[in-house]
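> As input, take run-v2.txt (compact mmCIF, C-alpha atoms and all ligand atoms):
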```txt
# COMPACT_ATOMS: atom_id res chain seq x y z
CA MET A 244 215.96 75.56 143.08
CA LEU A 245 215.19 72.44 145.08
CA THR A 246 213.33 73.03 148.28
CA GLN A 247 212.38 70.51 150.86
CA HIS A 248 209.91 71.25 153.61
CA PHE A 249 210.12 69.94 157.11
CA SER A 250 207.01 71.17 158.82
CA GLY A 251 205.70 70.45 162.27
CA ARG A 252 202.08 69.97 163.21
CA ASN A 253 200.23 72.31 165.52
CA LEU A 254 197.37 71.02 167.65
CA ASN A 255 194.63 71.95 165.16
CA ARG A 256 196.37 69.95 162.46
CA VAL A 257 196.77 66.98 164.81
CA LYS A 258 193.02 66.96 165.33
CA ALA A 259 192.42 67.27 161.59
CA HIS A 260 194.86 64.43 160.97
CA ASN A 261 193.04 62.19 163.44
CA LEU A 262 189.67 63.10 161.95
CA GLN A 263 191.04 62.24 158.52
CA ALA A 264 192.03 58.77 159.77
CA ILE A 265 188.56 58.23 161.21
CA LEU A 266 186.68 59.55 158.18
CA MET A 267 188.79 57.50 155.75
CA SER A 268 188.17 54.37 157.83
CA LEU A 269 184.43 55.08 157.82
CA LEU A 270 184.57 55.57 154.06
CA HIS A 271 186.22 52.21 153.54
CA GLU A 272 184.12 50.19 155.98
CA ASN A 273 180.40 49.83 155.60
CA GLN A 274 180.12 49.87 159.40
CA ILE A 275 182.68 49.78 162.15
CA SER A 276 182.65 49.79 165.95
CA ARG A 277 184.49 52.36 168.06
CA ALA A 278 186.92 49.65 169.11
CA GLY A 279 187.40 48.74 165.44
CA LEU A 280 188.12 52.38 164.64
CA ALA A 281 190.65 52.62 167.47
CA LYS A 282 192.41 49.51 166.21
CA ARG A 283 192.40 50.62 162.59
CA THR A 284 193.60 54.16 163.28
CA SER A 285 195.94 53.41 166.23
CA LEU A 286 194.17 56.18 168.16
CA SER A 287 193.19 55.88 171.82
CA SER A 288 189.60 54.89 172.51
CA ALA A 289 189.08 58.24 174.27
CA THR A 290 190.14 60.14 171.12
CA VAL A 291 187.92 57.94 168.93
CA THR A 292 184.96 58.48 171.25
CA ASN A 293 185.44 62.27 171.31
CA LEU A 294 185.75 62.58 167.55
CA ALA A 295 182.89 60.13 166.93
CA ASN A 296 180.68 62.21 169.25
CA GLU A 297 181.48 65.33 167.24
CA LEU A 298 180.62 63.57 163.98
CA LEU A 299 177.42 62.14 165.49
CA ALA A 300 176.36 65.62 166.65
CA GLN A 301 176.90 66.95 163.14
CA GLY A 302 174.88 64.13 161.62
CA ILE A 303 177.83 62.94 159.53
CA ILE A 304 177.77 59.49 161.09
CA THR A 305 175.05 57.44 162.70
CA GLU A 306 174.99 54.68 165.27
CA ILE A 307 173.37 51.41 164.30
CA LYS A 308 172.63 48.14 166.00
CA PRO A 309 174.61 45.38 164.34
CA GLN A 310 172.74 42.48 162.81
CA ALA A 311 173.56 39.64 165.20
CA THR A 312 174.65 36.48 163.47
CA GLU A 313 172.93 33.17 164.21
CA ILE A 314 175.88 32.03 166.32
CA GLU A 315 175.91 35.26 168.34
CA ARG A 316 172.16 34.96 168.94
CA LYS A 317 172.54 31.40 170.20
CA ARG A 318 175.39 32.37 172.45
CA ALA A 319 173.57 35.57 173.48
CA VAL A 320 176.70 36.90 175.09
CA GLY A 321 176.65 40.47 176.38
CA ARG A 322 175.30 43.58 174.74
CA PRO A 323 176.01 43.75 170.99
CA ARG A 324 178.60 46.36 170.07
CA ARG A 325 177.11 49.46 168.49
CA MET A 326 178.41 50.18 165.04
CA LEU A 327 179.14 53.52 163.39
CA ARG A 328 178.33 54.29 159.81
CA LEU A 329 178.82 57.26 157.52
CA VAL A 330 175.53 58.96 156.53
CA PRO A 331 176.07 59.31 152.76
CA ASN A 332 173.60 62.17 152.31
CA ALA A 333 174.79 64.16 155.34
CA ARG A 334 176.85 66.38 153.04
CA TYR A 335 177.12 66.94 149.31
CA ALA A 336 179.73 67.96 146.78
CA LEU A 337 179.43 69.50 143.35
CA GLY A 338 181.54 68.30 140.45
CA VAL A 339 182.06 70.27 137.25
CA HIS A 340 183.73 68.60 134.29
CA ILE A 341 184.69 71.11 131.61
CA GLY A 342 184.96 69.42 128.23
CA VAL A 343 185.37 70.78 124.73
CA GLY A 344 182.05 72.46 123.88
CA LEU A 345 180.20 71.07 126.88
CA PHE A 346 180.31 70.93 130.63
CA ARG A 347 178.72 68.47 133.01
CA ILE A 348 177.65 69.26 136.55
CA ALA A 349 176.85 66.66 139.17
CA LEU A 350 175.67 66.81 142.74
CA THR A 351 177.06 63.85 144.69
CA ASN A 352 176.83 62.59 148.23
CA LEU A 353 179.73 61.57 150.47
CA HIS A 354 180.04 58.24 148.65
CA ALA A 355 180.42 60.10 145.35
CA ASP A 356 177.05 58.72 144.20
CA ILE A 357 175.41 61.08 141.73
CA ILE A 358 172.18 62.59 143.07
CA ASP A 359 171.54 64.82 140.06
CA ASN A 360 173.46 65.88 137.00
CA ARG A 361 173.24 68.19 134.04
CA ILE A 362 174.93 68.60 130.68
CA VAL A 363 175.23 72.02 129.06
CA GLU A 364 176.67 72.61 125.61
CA PHE A 365 178.49 75.77 124.61
CA GLU A 366 180.14 77.10 121.48
CA ARG A 367 183.83 76.28 121.53
CA ALA A 368 184.69 79.93 120.91
CA THR A 369 182.75 81.13 123.97
CA PRO A 370 185.02 83.26 126.22
CA ALA A 371 186.04 81.50 129.43
CA ALA A 372 184.35 84.15 131.61
CA GLU A 373 181.01 83.40 129.93
CA VAL A 374 181.44 79.65 130.36
CA LEU A 375 182.19 80.13 134.07
CA GLU A 376 179.13 82.36 134.39
CA LYS A 377 176.99 79.65 132.77
CA ILE A 378 178.45 77.07 135.17
CA ALA A 379 177.64 79.29 138.17
CA LEU A 380 174.07 79.88 136.97
CA GLU A 381 173.54 76.18 136.37
CA ILE A 382 174.81 75.32 139.86
CA GLU A 383 172.50 77.92 141.45
CA ASP A 384 169.61 76.48 139.49
CA LEU A 385 170.43 72.88 140.44
CA LEU A 386 170.66 73.74 144.14
CA LEU A 387 167.36 75.60 143.96
CA GLU A 388 165.65 72.71 142.20
CA MET A 389 167.03 70.11 144.62
CA ALA A 390 166.14 72.37 147.59
CA ILE A 391 169.43 71.58 149.30
CA ASP A 392 170.58 73.68 152.23
CA ARG A 393 173.78 75.46 151.18
CA SER A 394 175.42 74.64 154.51
CA ARG A 395 175.42 70.96 153.51
CA ILE A 396 177.49 71.62 150.38
CA LEU A 397 181.15 70.89 151.10
CA GLY A 398 182.43 72.60 148.00
CA ILE A 399 182.91 72.44 144.27
CA GLY A 400 185.51 70.42 142.38
CA VAL A 401 186.35 71.38 138.83
CA GLY A 402 188.06 69.06 136.35
CA ALA A 403 189.66 71.13 133.60
CA SER A 404 191.59 70.00 130.55
CA GLY A 405 195.26 70.71 129.89
CA LEU A 406 197.65 72.13 132.46
CA VAL A 407 196.22 73.19 135.79
CA ASN A 408 197.86 74.95 138.70
CA HIS A 409 196.07 73.13 141.49
CA ASP A 410 197.33 75.32 144.33
CA GLN A 411 195.99 78.49 142.77
CA GLY A 412 193.07 76.94 140.88
CA ILE A 413 194.21 78.26 137.52
CA ASN A 414 193.68 76.54 134.19
CA VAL A 415 197.09 77.49 132.84
CA ILE A 416 196.48 76.26 129.33
CA ALA A 417 193.58 74.40 127.72
CA PRO A 418 194.63 74.26 124.05
CA ARG A 419 191.38 72.90 122.65
CA LEU A 420 189.38 75.68 124.25
CA GLY A 421 192.02 78.32 123.58
CA TRP A 422 192.09 79.14 127.31
CA ASN A 423 195.17 80.64 128.95
CA ASN A 424 195.53 81.44 132.65
CA ILE A 425 191.87 81.21 133.58
CA TYR A 426 191.31 81.81 137.31
CA ILE A 427 188.57 79.20 137.70
CA GLN A 428 188.86 78.86 141.49
CA ALA A 429 188.80 82.60 142.21
CA GLU A 430 185.95 83.26 139.76
CA LEU A 431 183.64 80.49 140.96
CA GLN A 432 184.45 81.01 144.62
CA ALA A 433 183.59 84.72 144.37
CA ARG A 434 180.44 83.99 142.37
CA LEU A 435 179.06 81.10 144.45
CA GLY A 436 180.64 81.40 147.90
CA PHE A 437 181.70 77.73 148.18
CA PRO A 438 185.26 76.45 148.44
CA VAL A 439 186.45 75.51 144.94
CA ARG A 440 189.19 73.04 143.93
CA VAL A 441 190.49 72.79 140.39
CA ASP A 442 192.64 70.04 138.90
CA ASN A 443 193.36 68.37 135.61
CA ASN A 444 190.30 66.31 134.63
CA VAL A 445 192.09 62.97 134.19
CA ARG A 446 193.93 63.43 137.49
CA ALA A 447 190.53 64.03 139.09
CA MET A 448 189.27 60.75 137.60
CA ALA A 449 192.26 58.93 139.09
CA ILE A 450 191.40 60.39 142.51
CA ALA A 451 187.77 59.26 142.17
CA GLU A 452 188.86 55.72 141.31
CA ALA A 453 191.40 55.59 144.13
CA PHE A 454 188.89 56.60 146.80
CA PHE A 455 185.46 55.63 145.52
CA GLY A 456 185.98 53.18 142.66
CA ALA A 457 187.90 50.15 141.42
CA GLY A 458 191.24 51.66 142.46
CA ARG A 459 190.55 51.43 146.19
CA GLY A 460 193.41 49.59 147.81
CA ALA A 461 195.74 49.91 144.84
CA GLY A 462 199.06 51.23 146.17
CA VAL A 463 200.07 52.83 142.88
CA LEU A 464 197.19 53.60 140.54
CA ALA A 465 197.37 54.98 137.00
CA PHE A 466 194.27 56.17 135.17
CA VAL A 467 194.59 56.54 131.40
CA TYR A 468 191.85 58.41 129.56
CA GLY A 469 191.43 58.69 125.82
CA ARG A 470 188.91 60.74 123.87
CA ILE A 471 190.00 63.72 121.79
CA GLY A 472 193.39 63.54 123.50
CA VAL A 473 195.05 61.04 125.82
CA GLY A 474 196.02 61.82 129.40
CA ALA A 475 196.89 60.04 132.62
CA GLY A 476 196.53 60.62 136.34
CA PHE A 477 198.38 58.95 139.19
CA VAL A 478 197.58 58.28 142.82
CA VAL A 479 200.51 56.91 144.81
CA ASN A 480 199.87 55.53 148.29
CA GLY A 481 196.75 57.62 148.74
CA GLN A 482 198.36 60.83 147.49
CA VAL A 483 197.74 62.36 144.11
CA PHE A 484 200.96 62.76 142.14
CA ARG A 485 201.07 66.01 140.16
CA GLY A 486 204.75 66.27 139.27
CA SER A 487 206.94 69.25 140.00
CA GLY A 488 205.17 71.54 137.56
CA ALA A 489 201.65 70.04 137.50
CA GLY A 490 202.48 68.32 134.22
CA ALA A 491 202.62 64.66 135.33
CA GLY A 492 200.51 62.43 133.11
CA GLU A 493 201.01 63.85 129.61
CA ILE A 494 201.18 60.30 128.29
CA GLY A 495 199.45 61.39 125.05
CA HIS A 496 202.66 63.13 124.03
CA THR A 497 205.00 60.22 124.62
CA ILE A 498 206.54 59.49 121.26
CA VAL A 499 205.75 55.98 120.07
CA VAL A 500 206.73 56.40 116.39
CA PRO A 501 210.14 58.08 116.47
CA GLN A 502 210.54 58.29 112.70
CA GLY A 503 207.89 58.96 110.08
CA GLY A 504 205.14 59.54 112.62
CA GLN A 505 202.31 62.01 112.01
CA GLU A 506 202.56 65.54 113.26
CA CYS A 507 200.93 66.10 116.63
CA ARG A 508 199.19 69.31 117.72
CA CYS A 509 202.03 69.75 120.22
CA GLY A 510 204.52 70.23 117.40
CA GLN A 511 206.28 66.86 117.74
CA ASN A 512 205.84 63.86 115.50
CA GLY A 513 204.64 60.36 116.33
CA CYS A 514 202.96 61.13 119.68
CA LEU A 515 200.51 58.56 121.07
CA GLU A 516 197.70 61.07 120.45
CA THR A 517 198.25 60.84 116.70
CA LEU A 518 197.35 57.13 116.81
CA VAL A 519 194.69 56.12 119.34
CA THR A 520 192.25 58.99 119.95
CA GLU A 521 188.59 58.84 118.95
CA PRO A 522 188.96 61.25 115.97
CA VAL A 523 192.01 59.34 114.69
CA ILE A 524 190.23 55.96 114.83
CA ILE A 525 187.18 57.43 113.11
CA ARG A 526 189.35 59.01 110.42
CA ARG A 527 191.13 55.70 109.79
CA SER A 528 187.75 53.94 109.60
CA VAL A 529 186.40 56.41 107.03
CA GLU A 530 189.49 55.82 104.87
CA LEU A 531 189.06 52.04 105.18
CA ALA A 532 185.37 52.20 104.29
CA GLN A 533 186.18 54.26 101.19
CA GLN A 534 188.86 51.76 100.11
CA HIS A 535 186.58 48.77 100.79
CA PRO A 536 183.00 49.77 99.96
CA GLU A 537 181.88 46.11 100.17
CA SER A 538 182.97 45.79 103.83
CA LEU A 539 180.68 45.52 106.82
CA LEU A 540 182.25 48.72 108.13
CA ALA A 541 181.26 50.62 104.96
CA LYS A 542 177.71 49.25 105.18
CA TYR A 543 177.35 50.23 108.83
CA MET A 544 178.65 53.71 108.06
CA GLU A 545 176.24 54.10 105.14
CA ASN A 546 173.32 53.32 107.43
CA GLU A 547 174.35 56.01 109.86
CA SER A 548 172.32 59.17 109.62
CA ALA A 549 174.83 61.45 111.37
CA ALA A 550 177.17 63.53 109.23
CA ALA A 551 180.28 62.06 110.84
CA PRO A 552 180.42 58.37 111.78
CA SER A 553 180.48 57.63 115.49
CA ILE A 554 183.02 55.47 117.29
CA GLU A 555 180.14 53.16 118.24
CA THR A 556 179.63 52.31 114.54
CA VAL A 557 183.31 51.39 114.27
CA PHE A 558 183.12 49.26 117.40
CA ALA A 559 179.90 47.63 116.16
CA ALA A 560 181.55 46.59 112.89
CA ALA A 561 184.47 45.11 114.84
CA ARG A 562 182.16 43.31 117.25
CA ASP A 563 180.26 41.82 114.31
CA GLY A 564 183.51 40.37 113.01
CA ASP A 565 184.60 42.83 110.30
CA GLU A 566 188.20 41.76 109.73
CA LEU A 567 189.33 45.12 108.33
CA THR A 568 188.09 47.01 111.38
CA LEU A 569 189.56 44.46 113.78
CA LYS A 570 192.95 44.67 112.05
CA MET A 571 192.89 48.48 112.06
CA LEU A 572 192.02 48.57 115.79
CA ASP A 573 194.80 46.03 116.48
CA ASP A 574 197.29 48.23 114.60
CA GLN A 575 196.29 51.44 116.39
CA ILE A 576 195.72 50.07 119.90
CA CYS A 577 199.08 48.28 119.99
CA TYR A 578 200.61 51.76 120.40
CA LEU A 579 198.51 52.26 123.51
CA GLY A 580 200.03 48.99 124.76
CA ILE A 581 203.53 50.32 124.11
CA ALA A 582 202.77 53.55 125.95
CA LEU A 583 201.36 51.56 128.88
CA ALA A 584 204.53 49.41 128.94
CA ASN A 585 206.62 52.57 129.18
CA LEU A 586 204.35 53.80 131.96
CA VAL A 587 204.74 50.46 133.77
CA ASN A 588 208.53 50.65 133.45
CA VAL A 589 208.63 54.13 134.97
CA LEU A 590 205.88 53.97 137.59
CA ASN A 591 205.44 50.24 138.34
CA PRO A 592 201.69 50.61 139.06
CA GLY A 593 199.63 47.83 140.63
CA MET A 594 196.61 48.87 138.62
CA ILE A 595 195.86 50.74 135.40
CA LEU A 596 192.31 51.88 134.76
CA LEU A 597 191.22 52.89 131.28
CA GLY A 598 188.57 55.53 130.62
CA GLY A 599 186.78 57.38 127.83
CA VAL A 600 186.87 55.77 124.41
CA PHE A 601 189.16 53.03 125.76
CA ALA A 602 186.45 52.00 128.23
CA GLN A 603 183.68 52.40 125.66
CA GLY A 604 185.43 49.84 123.45
CA ASP A 605 186.78 47.89 126.43
CA ASP A 606 186.17 44.43 124.91
CA LEU A 607 188.17 45.45 121.81
CA VAL A 608 190.81 47.72 123.32
CA ARG A 609 191.86 46.08 126.58
CA PRO A 610 192.88 42.63 125.30
CA ILE A 611 195.29 44.14 122.74
CA ALA A 612 196.59 46.95 124.96
CA SER A 613 197.19 44.62 127.86
CA LYS A 614 198.83 41.89 125.72
CA VAL A 615 201.25 44.38 124.14
CA MET A 616 201.94 46.00 127.52
CA ARG A 617 202.82 42.64 129.09
CA GLU A 618 204.97 41.61 126.12
CA THR A 619 206.95 44.84 126.00
CA ALA A 620 207.27 45.90 129.66
CA PHE A 621 210.67 45.26 131.23
CA SER A 622 211.36 41.79 132.58
CA GLY A 623 207.89 40.74 133.69
CA LEU A 624 207.07 44.11 135.34
CA GLY A 625 203.76 44.11 133.49
CA ASP A 626 202.73 40.57 134.46
CA ASP A 627 200.91 41.44 137.67
CA VAL A 628 199.47 44.79 136.64
CA ILE A 629 195.68 44.73 136.81
CA ILE A 630 194.09 46.53 133.85
CA GLU A 631 190.39 47.33 134.04
CA PRO A 632 187.92 49.83 132.60
CA THR A 633 186.84 52.78 134.77
CA SER A 634 184.17 52.01 137.37
CA PHE A 635 182.29 55.19 136.47
CA GLY A 636 181.73 54.95 132.70
CA TRP A 637 180.78 58.32 131.20
CA ARG A 638 180.39 59.68 134.73
CA ALA A 639 184.16 59.47 135.36
CA GLY A 640 184.63 63.19 134.61
CA VAL A 641 182.00 64.60 136.97
CA VAL A 642 182.56 62.03 139.69
CA GLY A 643 186.26 62.85 139.46
CA ALA A 644 185.53 66.56 139.77
CA ALA A 645 183.28 66.00 142.78
CA ALA A 646 185.99 63.80 144.31
CA LEU A 647 188.28 66.87 144.41
CA ALA A 648 185.84 68.55 146.81
CA LEU A 649 185.14 65.32 148.70
CA MET A 650 188.85 64.72 149.31
CA ASP A 651 189.09 68.07 151.05
CA PHE A 652 186.47 66.76 153.45
CA PHE A 653 187.92 63.29 153.99
CA TYR A 654 191.47 64.59 154.16
CA GLN A 655 190.41 67.53 156.32
CA THR A 656 192.48 69.96 154.30
CA THR A 657 189.99 72.77 154.93
CA GLU A 658 187.71 73.51 157.85
CA THR A 659 184.72 71.64 156.49
CA VAL A 660 183.48 69.85 159.60
ZN ZN B 1 202.16 65.52 120.96
```
How does the structure come out when it is put into structure tokens?


Amino acid sequence: MLTQHFSGRNLNRVKAHNLQAILMSLLHENQISRAGLAKRTSLSSATVTNLANELLAQGIITEIKPQATEIERKRAVGRPRRMLRLVPNARYALGVHIGVGLFRIALTNLHADIIDNRIVEFERATPAAEVLEKIALEIEDLLLEMAIDRSRILGIGVGASGLVNHDQGINVIAPRLGWNNIYIQAELQARLGFPVRVDNNVRAMAIAEAFFGAGRGAGVLAFVYGRIGVGAGFVVNGQVFRGSGAGAGEIGHTIVVPQGGQECRCGQNGCLETLVTEPVIIRRSVELAQQHPESLLAKYMENESAAAPSIETVFAAARDGDELTLKMLDDQICYLGIALANLVNVLNPGMILLGGVFAQGDDLVRPIASKVMRETAFSGLGDDVIIEPTSFGWRAGVVGAAALALMDFFYQTTETV
């Protein structure tokens, strides 16, 4: 059944809405005057002054003297306007990125800068309840070690893999962990006492980029992440797009080889995931090295002490000019380009950011993916799309998770101020 909501705004929400406008402006400007804030937010100067006073009293913003320019000094006209600035370390957020067999925790400030972070490995078969318990213990330990007052923690954001019910904070299905209907929000909230937000991990990365990274200012942003699987997240005009059933972004299961493609773990054949993930590229490289023992790739793999070759070895062989490896990467990555062209045709994004293994091999992946995308997208739709690697490197997961909690603060969706 289709439902459409037409809701009014009571006075509390009006205040929250105005605060959101002010906080978002402060996030985007290094420093801004009260008059500048009034202009930017279309609020009256009295409203700006009242809200700014509240934020000053809470230590969330500070007042600074502007650096007068040479011209202003010479003119020496009037009293310089006092500027307002966000105090990055006034509040903190915690980000938890749950991966396959490991989780990362980061403490960030209001700018999503990482203050401290930890990585904890766990057996893939560990029951979800135990993993959540480990996460809670690790967070308690981190807060104790950093000696941070709990009242300055805004909340916890959790990036989980697979399908996530964001409203209820449930990891509906995480196939690689074998998790079904895990109540992450309820569990961690009860255990730690902080507000908890849960979302799909790639969607969380898209949010981080849109508000704290390279995606700032992009009207329609797509973030495409590849590692063991491939997923995407979208932020459209400052709002995260989740789809009607939280499933938006399953780009890894778009079919790019309709006939004769390999079987995917989802049960279909020829999905993007069967062609461009890290394990697939490594597997193809091992086959190539066996067929061509004289190649640079085979030599590099021989020198590797680890049991399984790493993607870095494959990239190194390509960077050193191994033709076989370059050709193989061309062949595989062109499918990423096709998937991106389809994405461009449907969503018409201004910017696509690539993360995970795609960012790790950016110099090898992006030129091919972007060339194929531009060649195959409909009628020049791909020409102006900016494609870049993630601004956060390996941190994309935890920064994204922390961004879930930070957005509650900047968007004033809960009573955090
Ligand atoms: Zn699939």

> What are the nearest atom pairs, with distances in Å to one decimal, for all residues of chain A that come at most 10 Å from ligand ZN 1 (chain B), using all atoms listed in the file, set out by chain and rising residue number as a Markdown table?


```
| residue | atom | partner | partner_atom | distance |
| --- | --- | --- | --- | --- |
| A:Gly472 | CA | B:ZN1 | ZN | 9.3 |
| A:Val473 | CA | B:ZN1 | ZN | 9.7 |
| A:Glu493 | CA | B:ZN1 | ZN | 8.9 |
| A:Ile494 | CA | B:ZN1 | ZN | 9.1 |
| A:Gly495 | CA | B:ZN1 | ZN | 6.4 |
| A:His496 | CA | B:ZN1 | ZN | 3.9 |
| A:Thr497 | CA | B:ZN1 | ZN | 7.0 |
| A:Ile498 | CA | B:ZN1 | ZN | 7.5 |
| A:Gln505 | CA | B:ZN1 | ZN | 9.6 |
| A:Glu506 | CA | B:ZN1 | ZN | 7.7 |
| A:Cys507 | CA | B:ZN1 | ZN | 4.5 |
| A:Arg508 | CA | B:ZN1 | ZN | 5.8 |
| A:Cys509 | CA | B:ZN1 | ZN | 4.3 |
| A:Gly510 | CA | B:ZN1 | ZN | 6.4 |
| A:Gln511 | CA | B:ZN1 | ZN | 5.4 |
| A:Asn512 | CA | B:ZN1 | ZN | 6.8 |
| A:Gly513 | CA | B:ZN1 | ZN | 7.4 |
| A:Cys514 | CA | B:ZN1 | ZN | 4.6 |
| A:Leu515 | CA | B:ZN1 | ZN | 7.2 |
| A:Glu516 | CA | B:ZN1 | ZN | 6.3 |
| A:Thr517 | CA | B:ZN1 | ZN | 7.4 |
```

> Work out how far apart CA of Ile595 in chain A and CA of Pro552 in chain A are and give it in Å to one decimal.

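Taking CA of Ile595 in chain A and CA of Pro552 in chain A, their separation equals 29.2 Å.
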
> Could you tell me, as an mmCIF file with C-alpha atoms, in the coordinates of the input, which residues have any atom at most 12 Å from (178.9, 52.8, 136.1), counting all atoms listed in the file?


```
data_model
loop_
_atom_site.group_PDB
_atom_site.id
_atom_site.type_symbol
_atom_site.label_atom_id
_atom_site.label_comp_id
_atom_site.auth_asym_id
_atom_site.auth_seq_id
_atom_site.Cartn_x
_atom_site.Cartn_y
_atom_site.Cartn_z
ATOM 1 C CA ALA A 355 180.420 60.100 145.350
ATOM 2 C CA ASP A 356 177.050 58.720 144.200
ATOM 3 C CA ILE A 357 175.410 61.080 141.730
ATOM 4 C CA GLU A 452 188.860 55.720 141.310
ATOM 5 C CA PHE A 455 185.460 55.630 145.520
ATOM 6 C CA GLY A 456 185.980 53.180 142.660
ATOM 7 C CA ALA A 457 187.900 50.150 141.420
ATOM 8 C CA GLY A 598 188.570 55.530 130.620
ATOM 9 C CA ALA A 602 186.450 52.000 128.230
ATOM 10 C CA GLN A 603 183.680 52.400 125.660
ATOM 11 C CA PRO A 632 187.920 49.830 132.600
ATOM 12 C CA THR A 633 186.840 52.780 134.770
ATOM 13 C CA SER A 634 184.170 52.010 137.370
ATOM 14 C CA PHE A 635 182.290 55.190 136.470
ATOM 15 C CA GLY A 636 181.730 54.950 132.700
ATOM 16 C CA TRP A 637 180.780 58.320 131.200
ATOM 17 C CA ARG A 638 180.390 59.680 134.730
ATOM 18 C CA ALA A 639 184.160 59.470 135.360
ATOM 19 C CA GLY A 640 184.630 63.190 134.610
ATOM 20 C CA VAL A 642 182.560 62.030 139.690
#
```

> What's the 10 Å shell around Ser538 in chain A, counting all atoms listed in the file, without same-chain residues fewer than 5 positions away, as an NGL selection string?

:A and (531-533 or 543-544 or 560 or 565-568)

> Which one is closest to Tyr468 in chain A: A:Gly402, A:Gly599, A:Gly436, A:Gly342? Count only C-alpha atoms.

A:Gly599

> Select all residues near (189.9, 70.6, 156.2) (cut-off 12 Å, inclusive, file coordinates), counting all atoms listed in the file, and output them as a CSV table (one decimal) with C-alpha atoms, in the coordinates of the input.


```
chain,number,residue,atom,x,y,z
A,255,ASN,CA,194.6,72.0,165.2
A,256,ARG,CA,196.4,70.0,162.5
A,257,VAL,CA,196.8,67.0,164.8
A,258,LYS,CA,193.0,67.0,165.3
A,259,ALA,CA,192.4,67.3,161.6
A,260,HIS,CA,194.9,64.4,161.0
A,261,ASN,CA,193.0,62.2,163.4
A,262,LEU,CA,189.7,63.1,162.0
A,263,GLN,CA,191.0,62.2,158.5
A,266,LEU,CA,186.7,59.6,158.2
A,397,LEU,CA,181.2,70.9,151.1
A,398,GLY,CA,182.4,72.6,148.0
A,438,PRO,CA,185.3,76.4,148.4
A,648,ALA,CA,185.8,68.6,146.8
A,649,LEU,CA,185.1,65.3,148.7
A,650,MET,CA,188.8,64.7,149.3
A,651,ASP,CA,189.1,68.1,151.0
A,652,PHE,CA,186.5,66.8,153.4
A,653,PHE,CA,187.9,63.3,154.0
A,654,TYR,CA,191.5,64.6,154.2
A,655,GLN,CA,190.4,67.5,156.3
A,656,THR,CA,192.5,70.0,154.3
A,657,THR,CA,190.0,72.8,154.9
A,658,GLU,CA,187.7,73.5,157.8
A,659,THR,CA,184.7,71.6,156.5
A,660,VAL,CA,183.5,69.8,159.6
```

> Pick from A:Leu572, A:Ala429, A:Ala646, A:Ala582: nearest to Val483 in chain A, with all atoms listed in the file counted?

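For Val483 in chain A, the nearest of the given residues is A:Ala646.
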
> At a cut-off of 9 Å, using only C-alpha atoms, what residues contact Gly490 in chain A? Leave out same-chain residues fewer than 3 positions from it and give the result as a VMD selection string.

chain A and resid 405 to 407 485 to 487 493

> Export, as a compact mmCIF listing (two decimals), in the coordinates of the input, the selected residues with C-alpha atoms.


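Writing the result to part05.txt gives the following:
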```txt
# COMPACT_ATOMS: atom_id res chain seq x y z
CA GLY A 405 195.26 70.71 129.89
CA LEU A 406 197.65 72.13 132.46
CA VAL A 407 196.22 73.19 135.79
CA ARG A 485 201.07 66.01 140.16
CA GLY A 486 204.75 66.27 139.27
CA SER A 487 206.94 69.25 140.00
CA GLU A 493 201.01 63.85 129.61
```

> Under the rule that only C-alpha atoms are counted, which of A:Arg395, A:Arg419, A:Arg446, A:His340 is the nearest residue to Ala644 in chain A?

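Of A:Arg395, A:Arg419, A:Arg446, A:His340, the one nearest Ala644 in chain A, counting only C-alpha atoms, is A:His340.
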
> Between CA of Leu329 in chain A and CA of Leu270 in chain A, measure the distance and give it in Å to one decimal.

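We find that CA of Leu329 in chain A and CA of Leu270 in chain A lie 6.9 Å from each other.
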
> Restricting the calculation to only C-alpha atoms, which member of A:His409, A:Arg459, A:Arg324, A:Arg617 is positioned closest to Val439 in chain A?

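Comparing A:His409, A:Arg459, A:Arg324, A:Arg617 against Val439 in chain A, the winner is A:His409.
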
> Rounded to one decimal in Å, what is the spacing between CA of Met616 in chain A and CA of Ala451 in chain A?

24.3 Å

> Please provide as a list in words all residues within 7 Å of Thr520 in chain A, with the sequence filter that same-chain residues fewer than 2 positions apart are discarded (counting all atoms listed in the file).

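Skipping anything fewer than 2 positions along the chain leaves Gly469, Arg470, Ile471, Gly472, Val473, Glu516, Leu518, Pro522, Val523 and Ile524 of chain A.
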
> Check the smallest atom-to-atom distance from each of A:Ile396, A:Ile629, A:Ala336, A:Leu590 to Arg609 in chain A using all atoms listed in the file, then report the winner.

A:Ile629

> Quick one: everything within 7 Å of Leu596 in chain A, counting only C-alpha atoms, minus sequence neighbours fewer than 5 positions away in the same chain. Send it as an mmCIF file with C-alpha atoms, in the frame of the given file.


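And here's part11.cif as it stands now:
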```
data_model
loop_
_atom_site.group_PDB
_atom_site.id
_atom_site.type_symbol
_atom_site.label_atom_id
_atom_site.label_comp_id
_atom_site.auth_asym_id
_atom_site.auth_seq_id
_atom_site.Cartn_x
_atom_site.Cartn_y
_atom_site.Cartn_z
ATOM 1 C CA ALA A 465 197.370 54.980 137.000
ATOM 2 C CA PHE A 466 194.270 56.170 135.170
ATOM 3 C CA VAL A 467 194.590 56.540 131.400
ATOM 4 C CA ILE A 630 194.090 46.530 133.850
ATOM 5 C CA GLU A 631 190.390 47.330 134.040
ATOM 6 C CA PRO A 632 187.920 49.830 132.600
ATOM 7 C CA THR A 633 186.840 52.780 134.770
#
```

> Got a sec: who's within 8 Å of Ala449 in chain A, counting only C-alpha atoms, leaving out chain neighbours fewer than 6 positions off, as an MDAnalysis selection string?

chainID A and resid 464:466 476:478 643

> Identify which of the residues A:Leu539, A:Asp626, A:Met326, A:Asn293 lies closest to Glu272 in chain A, counting all atoms listed in the file when measuring atom-to-atom distances.

A:Met326
